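Listing of input-v3.cif, mmCIF, C-alpha atoms
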```
data_my_file
loop_
_atom_site.group_PDB
_atom_site.id
_atom_site.type_symbol
_atom_site.label_atom_id
_atom_site.label_comp_id
_atom_site.auth_asym_id
_atom_site.auth_seq_id
_atom_site.Cartn_x
_atom_site.Cartn_y
_atom_site.Cartn_z
ATOM 1 C CA MET A 1 88.789 -19.171 28.744
ATOM 2 C CA HIS A 2 88.637 -18.633 24.977
ATOM 3 C CA SER A 3 85.990 -21.317 24.502
ATOM 4 C CA SER A 4 83.969 -19.932 27.426
ATOM 5 C CA LEU A 5 83.996 -16.451 25.873
ATOM 6 C CA ILE A 6 82.767 -17.836 22.520
ATOM 7 C CA ALA A 7 80.043 -19.824 24.269
ATOM 8 C CA TRP A 8 79.008 -16.745 26.275
ATOM 9 C CA ILE A 9 78.600 -14.622 23.143
ATOM 10 C CA MET A 10 76.718 -17.405 21.336
ATOM 11 C CA ARG A 11 74.319 -17.703 24.270
ATOM 12 C CA ALA A 12 73.834 -13.929 24.518
ATOM 13 C CA ILE A 13 72.979 -13.219 20.875
ATOM 14 C CA PRO A 14 69.866 -15.460 20.586
ATOM 15 C CA PHE A 15 68.735 -14.313 24.036
ATOM 16 C CA GLY A 16 69.209 -10.691 23.021
ATOM 17 C CA THR A 17 67.302 -11.256 19.772
ATOM 18 C CA ILE A 18 64.150 -12.209 21.681
ATOM 19 C CA ILE A 19 64.113 -9.024 23.717
ATOM 20 C CA MET A 20 65.208 -6.956 20.690
ATOM 21 C CA TYR A 21 61.972 -7.841 18.891
ATOM 22 C CA GLY A 22 59.977 -6.937 21.995
ATOM 23 C CA ALA A 23 61.844 -3.646 22.414
ATOM 24 C CA LEU A 24 61.518 -2.665 18.737
ATOM 25 C CA GLY A 25 57.792 -3.373 18.778
ATOM 26 C CA GLU A 26 57.288 -1.422 21.989
ATOM 27 C CA THR A 27 59.374 1.461 20.616
ATOM 28 C CA VAL A 28 57.028 1.758 17.631
ATOM 29 C CA THR A 29 54.040 1.736 19.992
ATOM 30 C CA GLU A 30 55.496 4.274 22.416
ATOM 31 C CA LYS A 31 56.473 6.647 19.619
ATOM 32 C CA SER A 32 52.721 7.183 19.151
ATOM 33 C CA GLY A 33 52.289 8.026 22.850
ATOM 34 C CA ASN A 34 50.855 4.647 23.876
ATOM 35 C CA LEU A 35 52.573 2.901 26.793
ATOM 36 C CA ASN A 36 51.788 -0.779 26.289
ATOM 37 C CA LEU A 37 52.884 -2.811 29.318
ATOM 38 C CA GLY A 38 51.231 -5.853 27.762
ATOM 39 C CA VAL A 39 54.436 -6.809 25.900
ATOM 40 C CA PRO A 40 54.940 -10.086 27.853
ATOM 41 C CA GLY A 41 51.356 -11.183 27.145
ATOM 42 C CA ILE A 42 51.647 -10.255 23.474
ATOM 43 C CA MET A 43 54.887 -12.237 23.188
ATOM 44 C CA TYR A 44 53.063 -15.187 24.756
ATOM 45 C CA LEU A 45 50.271 -14.877 22.170
ATOM 46 C CA GLY A 46 52.762 -14.727 19.309
ATOM 47 C CA GLY A 47 54.825 -17.614 20.621
ATOM 48 C CA PHE A 48 51.856 -19.877 21.178
ATOM 49 C CA ALA A 49 50.035 -19.017 17.932
ATOM 50 C CA GLY A 50 53.201 -19.623 15.920
ATOM 51 C CA PHE A 51 53.946 -22.874 17.701
ATOM 52 C CA ALA A 52 50.369 -24.171 17.582
ATOM 53 C CA SER A 53 50.024 -23.479 13.846
ATOM 54 C CA ALA A 54 53.380 -25.106 13.051
ATOM 55 C CA TRP A 55 52.542 -28.087 15.287
ATOM 56 C CA ALA A 56 49.127 -28.508 13.634
ATOM 57 C CA TYR A 57 50.660 -28.299 10.154
ATOM 58 C CA GLU A 58 53.361 -30.864 10.952
ATOM 59 C CA ASN A 59 50.834 -33.289 12.407
ATOM 60 C CA SER A 60 48.314 -32.963 9.568
ATOM 61 C CA ALA A 61 50.420 -32.728 6.401
ATOM 62 C CA ALA A 62 51.689 -35.913 4.777
ATOM 63 C CA ASN A 63 55.071 -34.375 3.914
ATOM 64 C CA PRO A 64 55.453 -31.133 5.883
ATOM 65 C CA ASN A 65 57.804 -28.576 4.357
ATOM 66 C CA GLY A 66 60.069 -26.343 6.447
ATOM 67 C CA PHE A 67 59.519 -23.220 4.331
ATOM 68 C CA VAL A 68 55.740 -23.619 4.489
ATOM 69 C CA SER A 69 56.019 -24.127 8.252
ATOM 70 C CA ILE A 70 57.915 -20.829 8.535
ATOM 71 C CA LEU A 71 55.255 -18.945 6.570
ATOM 72 C CA ILE A 72 52.392 -20.424 8.585
ATOM 73 C CA ALA A 73 54.053 -19.871 11.961
ATOM 74 C CA LEU A 74 55.124 -16.296 11.184
ATOM 75 C CA SER A 75 51.716 -15.341 9.797
ATOM 76 C CA CYS A 76 49.792 -16.779 12.748
ATOM 77 C CA ALA A 77 52.199 -15.300 15.322
ATOM 78 C CA ILE A 78 51.956 -11.806 13.824
ATOM 79 C CA LEU A 79 48.172 -11.950 13.429
ATOM 80 C CA ALA A 80 47.608 -13.201 16.990
ATOM 81 C CA SER A 81 49.925 -10.540 18.411
ATOM 82 C CA MET A 82 48.292 -7.806 16.370
ATOM 83 C CA ALA A 83 44.919 -8.981 17.695
ATOM 84 C CA GLY A 84 46.289 -8.445 21.209
ATOM 85 C CA GLY A 85 47.504 -5.001 20.174
ATOM 86 C CA LEU A 86 44.077 -4.222 18.698
ATOM 87 C CA ILE A 87 42.411 -5.070 22.011
ATOM 88 C CA TYR A 88 44.780 -2.711 23.794
ATOM 89 C CA ALA A 89 44.285 0.015 21.172
ATOM 90 C CA PHE A 90 40.503 -0.166 21.326
ATOM 91 C CA LEU A 91 40.469 0.062 25.116
ATOM 92 C CA THR A 92 43.013 2.861 25.435
ATOM 93 C CA ILE A 93 42.413 4.915 22.276
ATOM 94 C CA SER A 94 38.673 4.567 21.626
ATOM 95 C CA LEU A 95 37.494 3.982 25.208
ATOM 96 C CA ARG A 96 40.378 5.940 26.795
ATOM 97 C CA ALA A 97 40.998 3.356 29.492
ATOM 98 C CA ASN A 98 44.050 3.735 31.715
ATOM 99 C CA GLN A 99 47.052 2.565 29.692
ATOM 100 C CA ASN A 100 49.016 1.111 32.599
ATOM 101 C CA VAL A 101 46.126 -0.982 33.895
ATOM 102 C CA THR A 102 45.134 -2.126 30.395
ATOM 103 C CA GLY A 103 48.690 -3.183 29.586
ATOM 104 C CA LEU A 104 49.073 -5.187 32.782
ATOM 105 C CA ALA A 105 45.693 -6.823 32.182
ATOM 106 C CA LEU A 106 46.789 -7.726 28.646
ATOM 107 C CA THR A 107 49.896 -9.402 30.037
ATOM 108 C CA THR A 108 47.765 -11.594 32.313
ATOM 109 C CA PHE A 109 45.286 -12.234 29.494
ATOM 110 C CA GLY A 110 47.966 -13.249 26.978
ATOM 111 C CA MET A 111 49.683 -15.600 29.401
ATOM 112 C CA GLY A 112 46.358 -17.138 30.440
ATOM 113 C CA VAL A 113 45.135 -17.691 26.879
ATOM 114 C CA ALA A 114 48.442 -19.204 25.734
ATOM 115 C CA ASN A 115 48.758 -21.559 28.702
ATOM 116 C CA PHE A 116 45.057 -22.514 28.629
ATOM 117 C CA PHE A 117 45.052 -23.542 24.990
ATOM 118 C CA GLY A 118 48.493 -25.071 25.423
ATOM 119 C CA VAL A 119 46.916 -27.682 27.692
ATOM 120 C CA PHE A 120 44.882 -29.038 24.755
ATOM 121 C CA ILE A 121 48.003 -29.453 22.658
ATOM 122 C CA LEU A 122 50.117 -30.895 25.458
ATOM 123 C CA ASN A 123 47.610 -33.722 26.021
ATOM 124 C CA GLY A 124 48.976 -34.457 29.462
ATOM 125 C CA ALA A 125 52.608 -34.593 28.309
ATOM 126 C CA SER A 126 55.270 -32.393 29.830
ATOM 127 C CA TYR A 127 55.884 -30.724 26.476
ATOM 128 C CA SER A 128 55.020 -30.833 22.784
ATOM 129 C CA ALA A 129 57.437 -30.126 19.954
ATOM 130 C CA ALA A 130 57.446 -28.897 16.354
ATOM 131 C CA PRO A 131 60.787 -30.321 15.150
ATOM 132 C CA ILE A 132 60.436 -29.430 11.459
ATOM 133 C CA ALA A 133 59.651 -25.800 12.267
ATOM 134 C CA ASN A 134 62.561 -25.734 14.723
ATOM 135 C CA LYS A 135 64.938 -27.065 12.067
ATOM 136 C CA ALA A 136 63.739 -24.429 9.579
ATOM 137 C CA PHE A 137 63.904 -21.507 12.013
ATOM 138 C CA SER A 138 67.305 -22.456 13.473
ATOM 139 C CA ALA A 139 69.047 -23.336 10.170
ATOM 140 C CA LYS A 140 72.532 -21.822 10.046
ATOM 141 C CA ILE A 141 74.055 -20.010 7.079
ATOM 142 C CA PRO A 142 75.776 -22.656 4.906
ATOM 143 C CA VAL A 143 79.568 -22.516 4.580
ATOM 144 C CA LEU A 144 79.927 -19.238 6.541
ATOM 145 C CA SER A 145 78.945 -20.858 9.835
ATOM 146 C CA GLY A 146 81.934 -23.175 9.516
ATOM 147 C CA LEU A 147 84.574 -20.433 9.267
ATOM 148 C CA GLY A 148 86.206 -20.966 12.654
ATOM 149 C CA ASP A 149 85.469 -18.657 15.575
ATOM 150 C CA ILE A 150 84.119 -15.879 13.345
ATOM 151 C CA GLY A 151 81.717 -18.293 11.689
ATOM 152 C CA GLN A 152 80.588 -19.545 15.085
ATOM 153 C CA VAL A 153 80.009 -16.123 16.584
ATOM 154 C CA VAL A 154 78.546 -14.317 13.561
ATOM 155 C CA PHE A 155 76.878 -16.861 11.282
ATOM 156 C CA SER A 156 75.613 -19.661 13.526
ATOM 157 C CA TYR A 157 72.044 -18.467 14.074
ATOM 158 C CA GLY A 158 68.630 -18.706 12.477
ATOM 159 C CA PHE A 159 67.422 -16.090 9.997
ATOM 160 C CA LEU A 160 65.315 -14.217 12.574
ATOM 161 C CA VAL A 161 68.514 -13.008 14.292
ATOM 162 C CA TYR A 162 69.603 -11.170 11.158
ATOM 163 C CA ALA A 163 66.047 -10.059 10.418
ATOM 164 C CA ALA A 164 65.945 -8.329 13.828
ATOM 165 C CA ILE A 165 69.061 -6.283 12.997
ATOM 166 C CA LEU A 166 67.654 -5.356 9.586
ATOM 167 C CA LEU A 167 64.332 -4.402 11.196
ATOM 168 C CA ALA A 168 66.101 -2.067 13.640
ATOM 169 C CA VAL A 169 67.838 -0.304 10.742
ATOM 170 C CA VAL A 170 64.579 -0.015 8.770
ATOM 171 C CA LEU A 171 62.709 1.392 11.771
ATOM 172 C CA HIS A 172 65.454 3.974 12.343
ATOM 173 C CA TRP A 173 65.156 5.053 8.716
ATOM 174 C CA PHE A 174 61.360 5.108 8.931
ATOM 175 C CA LEU A 175 61.253 7.241 12.086
ATOM 176 C CA THR A 176 63.894 9.739 10.964
ATOM 177 C CA ARG A 177 63.643 9.910 7.170
ATOM 178 C CA THR A 178 60.005 9.397 6.155
ATOM 179 C CA ARG A 179 56.967 11.643 6.397
ATOM 180 C CA ALA A 180 54.904 8.894 8.039
ATOM 181 C CA GLY A 181 57.607 8.326 10.659
ATOM 182 C CA LEU A 182 57.853 12.032 11.470
ATOM 183 C CA ASN A 183 54.059 12.221 11.692
ATOM 184 C CA LEU A 184 54.106 9.295 14.110
ATOM 185 C CA ARG A 185 56.652 11.045 16.313
ATOM 186 C CA ALA A 186 54.565 14.220 16.198
ATOM 187 C CA VAL A 187 51.540 12.261 17.417
ATOM 188 C CA GLY A 188 53.535 10.971 20.381
ATOM 189 C CA GLU A 189 54.958 14.382 21.246
ATOM 190 C CA ASN A 190 51.861 16.558 20.867
ATOM 191 C CA PRO A 191 48.742 14.903 19.428
ATOM 192 C CA ALA A 192 46.715 18.135 19.579
ATOM 193 C CA THR A 193 49.222 19.964 17.369
ATOM 194 C CA ALA A 194 49.471 16.961 15.047
ATOM 195 C CA ASP A 195 45.682 16.825 14.813
ATOM 196 C CA ALA A 196 45.529 20.548 13.999
ATOM 197 C CA ALA A 197 48.092 19.951 11.242
ATOM 198 C CA GLY A 198 45.761 17.441 9.591
ATOM 199 C CA ILE A 199 47.384 14.218 10.862
ATOM 200 C CA ASN A 200 44.907 11.450 11.700
ATOM 201 C CA VAL A 201 45.969 10.865 15.316
ATOM 202 C CA THR A 202 43.635 7.922 15.933
ATOM 203 C CA LEU A 203 44.775 6.099 12.779
ATOM 204 C CA TYR A 204 48.454 6.538 13.622
ATOM 205 C CA LYS A 205 47.924 5.340 17.177
ATOM 206 C CA TYR A 206 45.968 2.261 16.074
ATOM 207 C CA LEU A 207 48.459 1.311 13.355
ATOM 208 C CA SER A 208 51.562 1.832 15.501
ATOM 209 C CA THR A 209 50.069 -0.137 18.413
ATOM 210 C CA CYS A 210 48.995 -3.073 16.243
ATOM 211 C CA ILE A 211 52.173 -3.161 14.136
ATOM 212 C CA GLY A 212 54.309 -2.808 17.268
ATOM 213 C CA ALA A 213 52.439 -5.721 18.850
ATOM 214 C CA GLY A 214 53.032 -7.813 15.725
ATOM 215 C CA ILE A 215 56.780 -7.182 15.999
ATOM 216 C CA CYS A 216 56.719 -8.131 19.703
ATOM 217 C CA GLY A 217 54.975 -11.392 18.798
ATOM 218 C CA ILE A 218 57.879 -12.387 16.541
ATOM 219 C CA GLY A 219 60.056 -12.333 19.660
ATOM 220 C CA GLY A 220 57.772 -14.874 21.334
ATOM 221 C CA LEU A 221 57.782 -16.994 18.177
ATOM 222 C CA TYR A 222 61.583 -16.928 18.034
ATOM 223 C CA TYR A 223 61.766 -18.012 21.672
ATOM 224 C CA VAL A 224 59.603 -21.100 21.143
ATOM 225 C CA LEU A 225 60.572 -22.313 17.663
ATOM 226 C CA ASP A 226 64.280 -21.466 17.720
ATOM 227 C CA TYR A 227 65.668 -20.576 21.141
ATOM 228 C CA ASN A 228 63.623 -23.236 22.973
ATOM 229 C CA GLN A 229 64.239 -25.841 20.227
ATOM 230 C CA GLY A 230 60.665 -25.899 18.963
ATOM 231 C CA ILE A 231 59.242 -26.964 22.332
ATOM 232 C CA TRP A 232 56.224 -25.345 23.936
ATOM 233 C CA ALA A 233 56.563 -25.277 27.705
ATOM 234 C CA THR A 234 54.220 -23.512 30.112
ATOM 235 C CA THR A 235 56.971 -21.686 31.986
ATOM 236 C CA GLY A 236 57.240 -18.032 32.916
ATOM 237 C CA GLN A 237 60.384 -17.417 30.867
ATOM 238 C CA ILE A 238 58.607 -15.480 28.102
ATOM 239 C CA GLU A 239 57.105 -13.143 30.691
ATOM 240 C CA ALA A 240 60.542 -12.388 32.134
ATOM 241 C CA LEU A 241 61.878 -11.675 28.651
ATOM 242 C CA GLY A 242 58.913 -9.407 27.939
ATOM 243 C CA TRP A 243 59.715 -7.236 30.949
ATOM 244 C CA LEU A 244 63.363 -7.141 29.889
ATOM 245 C CA ALA A 245 62.179 -5.886 26.488
ATOM 246 C CA VAL A 246 60.256 -3.060 28.175
ATOM 247 C CA ALA A 247 63.380 -2.195 30.180
ATOM 248 C CA LEU A 248 65.437 -2.249 26.976
ATOM 249 C CA VAL A 249 63.206 0.434 25.419
ATOM 250 C CA ILE A 250 64.170 2.785 28.266
ATOM 251 C CA PHE A 251 67.822 1.691 28.108
ATOM 252 C CA THR A 252 68.013 2.503 24.380
ATOM 253 C CA THR A 253 66.309 5.887 24.907
ATOM 254 C CA TRP A 254 63.621 5.015 22.347
ATOM 255 C CA LYS A 255 66.130 4.653 19.473
ATOM 256 C CA PRO A 256 65.837 1.479 17.306
ATOM 257 C CA LEU A 257 69.531 1.365 16.376
ATOM 258 C CA ASN A 258 70.529 1.339 20.053
ATOM 259 C CA ALA A 259 68.370 -1.759 20.489
ATOM 260 C CA ILE A 260 70.909 -3.802 18.501
ATOM 261 C CA TRP A 261 73.874 -3.410 20.839
ATOM 262 C CA GLY A 262 71.632 -2.896 23.871
ATOM 263 C CA ALA A 263 69.894 -6.248 23.379
ATOM 264 C CA TYR A 264 73.183 -8.124 23.050
ATOM 265 C CA LEU A 265 74.575 -6.301 26.089
ATOM 266 C CA PHE A 266 71.499 -7.369 28.057
ATOM 267 C CA GLY A 267 72.042 -10.932 26.857
ATOM 268 C CA MET A 268 75.662 -10.941 27.977
ATOM 269 C CA LEU A 269 74.807 -9.405 31.347
ATOM 270 C CA TYR A 270 71.995 -11.898 31.902
ATOM 271 C CA TRP A 271 74.198 -14.937 31.231
ATOM 272 C CA LEU A 272 77.245 -13.504 33.010
ATOM 273 C CA TYR A 273 76.503 -15.593 36.108
ATOM 274 C CA GLN A 274 76.945 -18.809 34.126
ATOM 275 C CA PHE A 275 80.291 -17.938 32.510
ATOM 276 C CA LEU A 276 81.907 -15.690 35.130
ATOM 277 C CA PRO A 277 83.286 -18.615 37.186
ATOM 278 C CA SER A 278 85.068 -20.156 34.178
ATOM 279 C CA LEU A 279 86.255 -16.784 32.843
ATOM 280 C CA LEU A 280 87.733 -15.669 36.165
ATOM 281 C CA GLY A 281 88.394 -19.067 37.696
ATOM 282 C CA ILE A 282 86.210 -18.398 40.731
ATOM 283 C CA THR A 283 83.270 -20.086 42.423
ATOM 284 C CA MET A 284 80.133 -18.050 43.109
ATOM 285 C CA ALA A 285 77.620 -18.688 45.875
ATOM 286 C CA SER A 286 73.965 -18.995 44.892
ATOM 287 C CA HIS A 287 73.026 -15.612 46.360
ATOM 288 C CA ILE A 288 75.813 -13.950 44.336
ATOM 289 C CA THR A 289 74.424 -15.619 41.205
ATOM 290 C CA ASP A 290 71.016 -14.085 41.890
ATOM 291 C CA LEU A 291 72.600 -10.651 42.295
ATOM 292 C CA VAL A 292 74.520 -10.980 39.014
ATOM 293 C CA GLN A 293 71.275 -11.829 37.179
ATOM 294 C CA MET A 294 69.904 -8.454 38.296
ATOM 295 C CA LEU A 295 72.531 -6.575 36.258
ATOM 296 C CA PRO A 296 70.347 -5.785 33.190
ATOM 297 C CA TYR A 297 67.774 -4.114 35.424
ATOM 298 C CA VAL A 298 70.430 -2.293 37.462
ATOM 299 C CA VAL A 299 72.044 -0.945 34.287
ATOM 300 C CA THR A 300 68.616 0.220 33.044
ATOM 301 C CA ILE A 301 68.010 2.127 36.291
ATOM 302 C CA ILE A 302 71.451 3.763 36.037
ATOM 303 C CA VAL A 303 70.788 4.809 32.420
ATOM 304 C CA LEU A 304 67.372 6.170 33.403
ATOM 305 C CA ILE A 305 68.956 8.271 36.165
ATOM 306 C CA VAL A 306 71.709 9.582 33.879
ATOM 307 C CA VAL A 307 69.263 10.433 31.077
ATOM 308 C CA SER A 308 66.949 12.199 33.519
ATOM 309 C CA MET A 309 69.818 14.258 34.935
ATOM 310 C CA ARG A 310 71.194 15.296 31.529
ATOM 311 C CA LYS A 311 67.699 16.211 30.275
ATOM 312 C CA LYS A 312 68.588 16.041 26.591
ATOM 313 C CA LYS A 313 65.433 16.309 24.514
ATOM 314 C CA GLU A 314 66.453 13.552 22.080
ATOM 315 C CA ASN A 315 66.916 11.073 24.944
ATOM 316 C CA GLN A 316 63.552 11.704 26.590
ATOM 317 C CA PRO A 317 60.403 9.611 26.072
ATOM 318 C CA PRO A 318 57.604 11.009 23.861
ATOM 319 C CA ALA A 319 56.042 13.929 25.743
ATOM 320 C CA HIS A 320 52.510 12.479 25.574
ATOM 321 C CA LEU A 321 53.532 8.917 26.496
ATOM 322 C CA GLY A 322 50.912 7.146 28.604
ATOM 323 C CA LEU A 323 48.317 9.909 28.299
ATOM 324 C CA ALA A 324 44.931 9.604 26.593
ATOM 325 C CA TYR A 325 44.129 12.136 23.867
ATOM 326 C CA PHE A 326 40.828 14.006 24.194
ATOM 327 C CA ARG A 327 40.222 15.797 20.927
ATOM 328 C CA GLU A 328 37.462 17.954 22.353
ATOM 329 C CA GLU A 329 39.988 19.475 24.781
ATOM 330 C CA ARG A 330 42.286 20.595 21.991
#
```
Can you turn what I pasted into structure tokens?
Amino acid sequence: MHSSLIAWIMRAIPFGTIIMYGALGETVTEKSGNLNLGVPGIMYLGGFAGFASAWAYENSAANPNGFVSILIALSCAILASMAGGLIYAFLTISLRANQNVTGLALTTFGMGVANFFGVFILNGASYSAAPIANKAFSAKIPVLSGLGDIGQVVFSYGFLVYAAILLAVVLHWFLTRTRAGLNLRAVGENPATADAAGINVTLYKYLSTCIGAGICGIGGLYYVLDYNQGIWATTGQIEALGWLAVALVIFTTWKPLNAIWGAYLFGMLYWLYQFLPSLLGITMASHITDLVQMLPYVVTIIVLIVVSMRKKKENQPPAHLGLAYFREER
């Protein structure tokens, strides 16, 4: 039972890290009032761009270096994801297209682009790999990772796991302690008032949407080059994780710090079906397994109901979320 519990936690933390990046990025976007449902597609773009650049570097350089591979993959993943965010921002902010429809279209677009160009890299094989990038991204912390159970549970992950936690803390500080963060929240709550106060609403919306998309893309990159062992596979797993990230934003009530424990809780709930039999000494039927895998979504619905009933202002979404801003109607 002890070994199963350790294995369960170690499976949940990397899984939770993927959706944490997606949730943090979407939180930044939604704080500006933009509801971007294109998170799965953006994560696809980031994952593929990071993988493709690392794969190309490894296959062209005489002596590829792991650190250089990290820089190339991260840069390309963030830029590709931000390009997806820019498309969404232009359509919804400048052209005032419907945010829900645009986000869903971006999800389909991102998946299609990633899988289409993936065919050229796969060359008919079932998968392609970037082993040097995988080794660099998944490198454990020396010495500390060997300190028994604590070392296994806390220090046995790649650097992006710890970067996600640090990012959540930084975003909390930014949104609650800086003028720019407070301006961003004002834009999401009441853009007309923010505009009257001299805040450039369009600039804040564009920047938050593009930067948020870049953060989401890191989640897709982490999935491919660390979690999936550096292998690009044209499966729908990234899409499922993207929707979990959107659910996590609601679960955490738009607070970055809550995304840390919320993401790991989602990870543990998602993998519960695999470890519950060994933990409790029972055998589960296949239909019970499917029901157990629904737990993250069920918990999100329960939280949404509770938050709606309590009606605390600090737990509500930005007041102007999902609505286009028409300055001439101010």
* Name the residues, using the chain letters and numbers of the file, that sit within 12 Å of (78.0, -16.9, 21.3) when counting all atoms listed in the file, and give them as an MDAnalysis selection string. => chainID A and resid 2:16 149:157 264 267:268 271 275
Give as a short mmCIF file (atom, residue, chain, number, x, y, z; two decimals) with C-alpha atoms, in the coordinates of the input the residues that the PyMOL selection byres ((chain A and resi 101) around 12) matches when applied to the coordinates above.
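Result written to out-v7.cif:
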```cif
data_model
loop_
_atom_site.label_atom_id
_atom_site.label_comp_id
_atom_site.auth_asym_id
_atom_site.auth_seq_id
_atom_site.Cartn_x
_atom_site.Cartn_y
_atom_site.Cartn_z
CA LEU A 35 52.57 2.90 26.79
CA ASN A 36 51.79 -0.78 26.29
CA LEU A 37 52.88 -2.81 29.32
CA GLY A 38 51.23 -5.85 27.76
CA TYR A 88 44.78 -2.71 23.79
CA LEU A 91 40.47 0.06 25.12
CA THR A 92 43.01 2.86 25.44
CA ARG A 96 40.38 5.94 26.80
CA ALA A 97 41.00 3.36 29.49
CA ASN A 98 44.05 3.74 31.72
CA GLN A 99 47.05 2.56 29.69
CA ASN A 100 49.02 1.11 32.60
CA THR A 102 45.13 -2.13 30.40
CA GLY A 103 48.69 -3.18 29.59
CA LEU A 104 49.07 -5.19 32.78
CA ALA A 105 45.69 -6.82 32.18
CA LEU A 106 46.79 -7.73 28.65
CA THR A 107 49.90 -9.40 30.04
CA THR A 108 47.76 -11.59 32.31
CA GLY A 322 50.91 7.15 28.60
#
```
* Polymer residues at most 8 Å from Met111 in chain A, only C-alpha atoms, same-chain spacing of 6 or more positions, as a ChimeraX atom specification -> /A:40-41,44-45,239
Using the selection just defined, write its residues with C-alpha atoms as a PDB file, in the coordinates of the input.
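File part00.pdb, as written:
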```pdb
ATOM      1  CA  PRO A  40      54.940 -10.086  27.853  1.00  0.00           C
ATOM      2  CA  GLY A  41      51.356 -11.183  27.145  1.00  0.00           C
ATOM      3  CA  TYR A  44      53.063 -15.187  24.756  1.00  0.00           C
ATOM      4  CA  LEU A  45      50.271 -14.877  22.170  1.00  0.00           C
ATOM      5  CA  GLU A 239      57.105 -13.143  30.691  1.00  0.00           C
TER       6      GLU A 239
END
```
* Selection near range 293-295 of chain A, 9 Å with only C-alpha atoms, sequence-local residues under 5 positions removed, as number ranges by chain -> A: 266, 269-273, 288, 300
* To do: Would you work out the distance separating CA of Asn258 in chain A from CA of Ser75 in chain A, expressed in Å to one decimal?
  => 27.2 Å
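The protein and nucleic acid residues lying at most 10 Å from Val169 in chain A are Ala163, Ala164, Phe174, Pro256, Leu257, Asn258, Ala259 and Ile260 of chain A, with all atoms listed in the file considered and sequence neighbours fewer than 5 positions away removed.
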Select from range 188-209 of chain A every residue with an atom at most 12 Å from any atom of range 310-319 of chain A, then for each give the shortest pair of atoms and their distance in Å to one decimal, using all atoms listed in the file, rows by chain and rising number, as CSV.
```
residue,atom,partner,partner_atom,distance
A:Gly188,CA,A:Pro318,CA,5.4
A:Glu189,CA,A:Ala319,CA,4.6
A:Asn190,CA,A:Ala319,CA,6.9
A:Pro191,CA,A:Ala319,CA,9.7
A:Ala192,CA,A:Ala319,CA,11.9
```
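Of the listed residues A:Asn59, A:Leu79, A:Leu147, A:Trp254, the one whose atoms come nearest to Leu321 in chain A is A:Trp254, with distances taken using only C-alpha atoms.
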* To do: Could you tell me which residues the PyMOL selection byres ((chain A and resi 217) around 8) returns for this structure, as an MDAnalysis selection string?
  => chainID A and resid 21:22 42:47 77:78 80:82 213:216 218:221
* **d(CA of Ser128 in chain A, CA of Ala83 in chain A) in Å** => 24.6 Å
* Structure fact -> As a check of understanding: the span from CA of Gly33 in chain A to CA of His320 in chain A is 5.2 Å
Apply the PyMOL selection byres ((chain A and resi 62-69) around 9) to the structure shown and report the selected residues as an mmCIF file with C-alpha atoms, in the coordinates of the input.
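Final file, out-v6.cif:
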```cif
data_model
loop_
_atom_site.group_PDB
_atom_site.id
_atom_site.type_symbol
_atom_site.label_atom_id
_atom_site.label_comp_id
_atom_site.auth_asym_id
_atom_site.auth_seq_id
_atom_site.Cartn_x
_atom_site.Cartn_y
_atom_site.Cartn_z
ATOM 1 C CA SER A 53 50.024 -23.479 13.846
ATOM 2 C CA ALA A 54 53.380 -25.106 13.051
ATOM 3 C CA TRP A 55 52.542 -28.087 15.287
ATOM 4 C CA TYR A 57 50.660 -28.299 10.154
ATOM 5 C CA GLU A 58 53.361 -30.864 10.952
ATOM 6 C CA ASN A 59 50.834 -33.289 12.407
ATOM 7 C CA SER A 60 48.314 -32.963 9.568
ATOM 8 C CA ALA A 61 50.420 -32.728 6.401
ATOM 9 C CA ILE A 70 57.915 -20.829 8.535
ATOM 10 C CA LEU A 71 55.255 -18.945 6.570
ATOM 11 C CA ILE A 72 52.392 -20.424 8.585
ATOM 12 C CA ALA A 73 54.053 -19.871 11.961
ATOM 13 C CA LEU A 74 55.124 -16.296 11.184
ATOM 14 C CA ILE A 132 60.436 -29.430 11.459
ATOM 15 C CA ALA A 133 59.651 -25.800 12.267
ATOM 16 C CA ASN A 134 62.561 -25.734 14.723
ATOM 17 C CA LYS A 135 64.938 -27.065 12.067
ATOM 18 C CA ALA A 136 63.739 -24.429 9.579
ATOM 19 C CA PHE A 137 63.904 -21.507 12.013
#
```
* Between A:Cys210, A:Ala168, A:Leu95, A:Ala129, which is the closest to Trp261 in chain A once you count all atoms listed in the file? -> A:Ala168
Contacts of Ala240 in chain A at 10 Å (all atoms listed in the file; same-chain gap of 4+ positions) as a PDB file with C-alpha atoms, in the frame of the given file:
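Result written to result.pdb:
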```
ATOM      1  CA  ILE A  19      64.113  -9.024  23.717  1.00  0.00           C
ATOM      2  CA  PRO A  40      54.940 -10.086  27.853  1.00  0.00           C
ATOM      3  CA  THR A 235      56.971 -21.686  31.986  1.00  0.00           C
ATOM      4  CA  GLY A 236      57.240 -18.032  32.916  1.00  0.00           C
ATOM      5  CA  LEU A 244      63.363  -7.141  29.889  1.00  0.00           C
ATOM      6  CA  ALA A 245      62.179  -5.886  26.488  1.00  0.00           C
TER       7      ALA A 245
END
```
Could you give me the axis-aligned bounding box of range 171-189 of chain A, with 3 Å of padding per side, as centre plus edge lengths in Å to one decimal, as AutoDock Vina command-line options?
```
--center_x 58.5 --center_y 7.9 --center_z 13.7 --size_x 19.9 --size_y 19.0 --size_z 21.1
```
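Remark: for Glu30 in chain A, the closest of the candidate residues A:Tyr204, A:Tyr222, A:Phe90, A:Phe326 is A:Tyr204 (distances computed over all atoms listed in the file).
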* Asked: Between A:Asn115, A:Ile141, A:Tyr223, A:Val292, which one has atoms that come closest to Leu276 in chain A, using all atoms listed in the file?
  ->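 Closest to Leu276 in chain A of all the choices is A:Val292.
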* To do: Go through A:Ala89, A:Ile305, A:Leu323, A:Met20 one by one, measure the shortest atom-to-atom distance of each to Lys205 in chain A using only C-alpha atoms, and give the residue with the smallest value.
  => A:Ala89
